[in-house]
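Novice: Structure supplied as protein-v1.cif; contents: mmCIF, C-alpha atoms.
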```
data_run
#
loop_
_atom_site.label_atom_id
_atom_site.label_comp_id
_atom_site.auth_asym_id
_atom_site.auth_seq_id
_atom_site.Cartn_x
_atom_site.Cartn_y
_atom_site.Cartn_z
CA MET A 314 -17.96 -34.21 -55.06
CA ARG A 315 -15.97 -33.11 -58.09
CA LEU A 316 -12.23 -32.66 -57.74
CA GLU A 317 -12.49 -28.97 -58.70
CA LYS A 318 -14.74 -28.27 -55.71
CA ILE A 319 -12.50 -30.31 -53.42
CA ALA A 320 -9.44 -28.38 -54.64
CA ALA A 321 -11.23 -25.07 -54.03
CA LYS A 322 -12.06 -26.10 -50.45
CA ALA A 323 -8.47 -27.24 -49.91
CA LEU A 324 -7.19 -23.88 -51.17
CA GLU A 325 -9.41 -22.13 -48.62
CA LYS A 326 -7.80 -24.21 -45.86
CA VAL A 327 -4.35 -22.84 -46.77
CA ASN A 328 -5.47 -19.24 -47.30
CA PHE A 329 -5.25 -19.65 -51.08
CA ASN A 330 -1.50 -20.38 -50.94
CA ARG A 331 -1.05 -22.72 -53.92
CA TYR A 332 2.58 -23.44 -53.11
CA LEU A 333 1.72 -24.53 -49.56
CA LEU A 334 -1.16 -26.67 -50.83
CA SER A 335 0.95 -28.43 -53.46
CA SER A 336 3.68 -29.06 -50.91
CA ALA A 337 1.21 -30.50 -48.40
CA VAL A 338 -0.50 -32.69 -51.01
CA SER A 339 2.86 -34.00 -52.20
CA LYS A 340 4.06 -34.82 -48.69
CA ARG A 341 0.81 -36.57 -47.74
CA ALA A 342 0.62 -38.46 -51.06
CA ASN A 343 4.13 -39.80 -50.42
CA GLU A 344 3.07 -40.92 -46.94
CA LEU A 345 0.05 -42.70 -48.43
CA ALA A 346 2.24 -44.35 -51.07
CA LYS A 347 4.46 -45.69 -48.30
CA GLY A 348 1.49 -47.31 -46.59
CA ALA A 349 -0.12 -44.67 -44.34
CA LYS A 350 -3.82 -45.20 -43.73
CA PRO A 351 -6.13 -42.66 -45.42
CA LEU A 352 -8.10 -40.44 -43.03
CA VAL A 353 -11.07 -40.49 -45.42
CA ASP A 354 -13.11 -43.40 -46.74
CA MET A 355 -11.25 -43.74 -50.04
CA ASP A 356 -9.45 -46.89 -51.16
CA PRO A 357 -5.87 -46.22 -52.34
CA LYS A 358 -6.27 -49.08 -54.81
CA HIS A 359 -9.06 -47.18 -56.60
CA HIS A 360 -8.05 -43.53 -56.06
CA LYS A 361 -4.82 -41.66 -56.66
CA HIS A 362 -2.82 -40.80 -53.56
CA ALA A 363 -2.89 -37.11 -54.48
CA ASP A 364 -6.71 -37.18 -54.71
CA ILE A 365 -6.93 -38.76 -51.26
CA ALA A 366 -4.47 -36.22 -49.84
CA ILE A 367 -6.30 -33.19 -51.23
CA THR A 368 -9.61 -34.58 -49.94
CA GLU A 369 -8.12 -34.97 -46.46
CA ILE A 370 -6.91 -31.37 -46.57
CA ALA A 371 -10.25 -30.06 -47.88
CA GLN A 372 -12.05 -31.78 -45.01
CA GLY A 373 -9.66 -30.27 -42.48
CA LEU A 374 -8.35 -33.62 -41.29
CA LEU A 375 -4.69 -32.65 -41.55
CA GLU A 376 -2.79 -29.92 -39.78
CA ILE A 377 -0.57 -28.23 -42.32
CA GLU A 378 2.82 -26.95 -41.27
CA GLY A 379 3.09 -23.24 -41.86
CA MET A 380 -0.60 -22.61 -41.19
CA ARG A 381 -1.75 -21.17 -37.91
CA LYS A 382 -5.22 -21.91 -36.70
CA THR A 383 -7.29 -18.81 -36.14
CA LYS A 384 -10.05 -18.60 -33.58
#
```
How does the structure come out when it is put into structure tokens?
Specialist:
Amino acid sequence: MRLEKIAAKALEKVNFNRYLLSSAVSKRANELAKGAKPLVDMDPKHHKHADIAITEIAQGLLEIEGMRKTK
């Protein structure tokens, strides 16, 4: 899937709050850079940490601080 579509899905997950999304991607990318295991099947040696982080968010694999789950 193209990064633009992934970013659009990730924005939906944070109610279109770009600041919250950029903060979450940054925090997760730093965790990945420090050795955290990706939650998606993407190799950090071949993909940027930010791309992995935004994919994880788009797929709903991370709980983002500041976001409440709605039923």
Novice: Do you know which residues are at most 12 Å from range 361-364 of chain A counting all atoms listed in the file, after dropping those on the same chain fewer than 4 positions away, and could you put them as a PyMOL selection string?
Specialist: chain A and resi 314-317+319-320+323+334-357+368-371
Novice: Report, in Å with one decimal, the straight-line distance from CA of Leu333 in chain A to CA of Leu374 in chain A.
Specialist: 15.9 Å
Novice: Between CA of Asn328 in chain A and CA of Gly379 in chain A, what is the distance, to one decimal in Å?
Specialist: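 Spanning CA of Asn328 in chain A to CA of Gly379 in chain A is a straight-line distance of 10.9 Å.
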Novice: Rounded to one decimal place, report the CA of Val327 in chain A-CA of Lys358 in chain A distance in Å.
Specialist: 27.5 Å
Novice: Around all the atoms of range 326-341 of chain A listed in the file, with 8 Å of room on each side, what axis-aligned box do you get, giving centre and edge lengths in Å to one decimal, as AutoDock Vina command-line options?
Specialist:
```
--center_x -1.9 --center_y -27.9 --center_z -49.9 --size_x 27.9 --size_y 33.3 --size_z 24.1
```
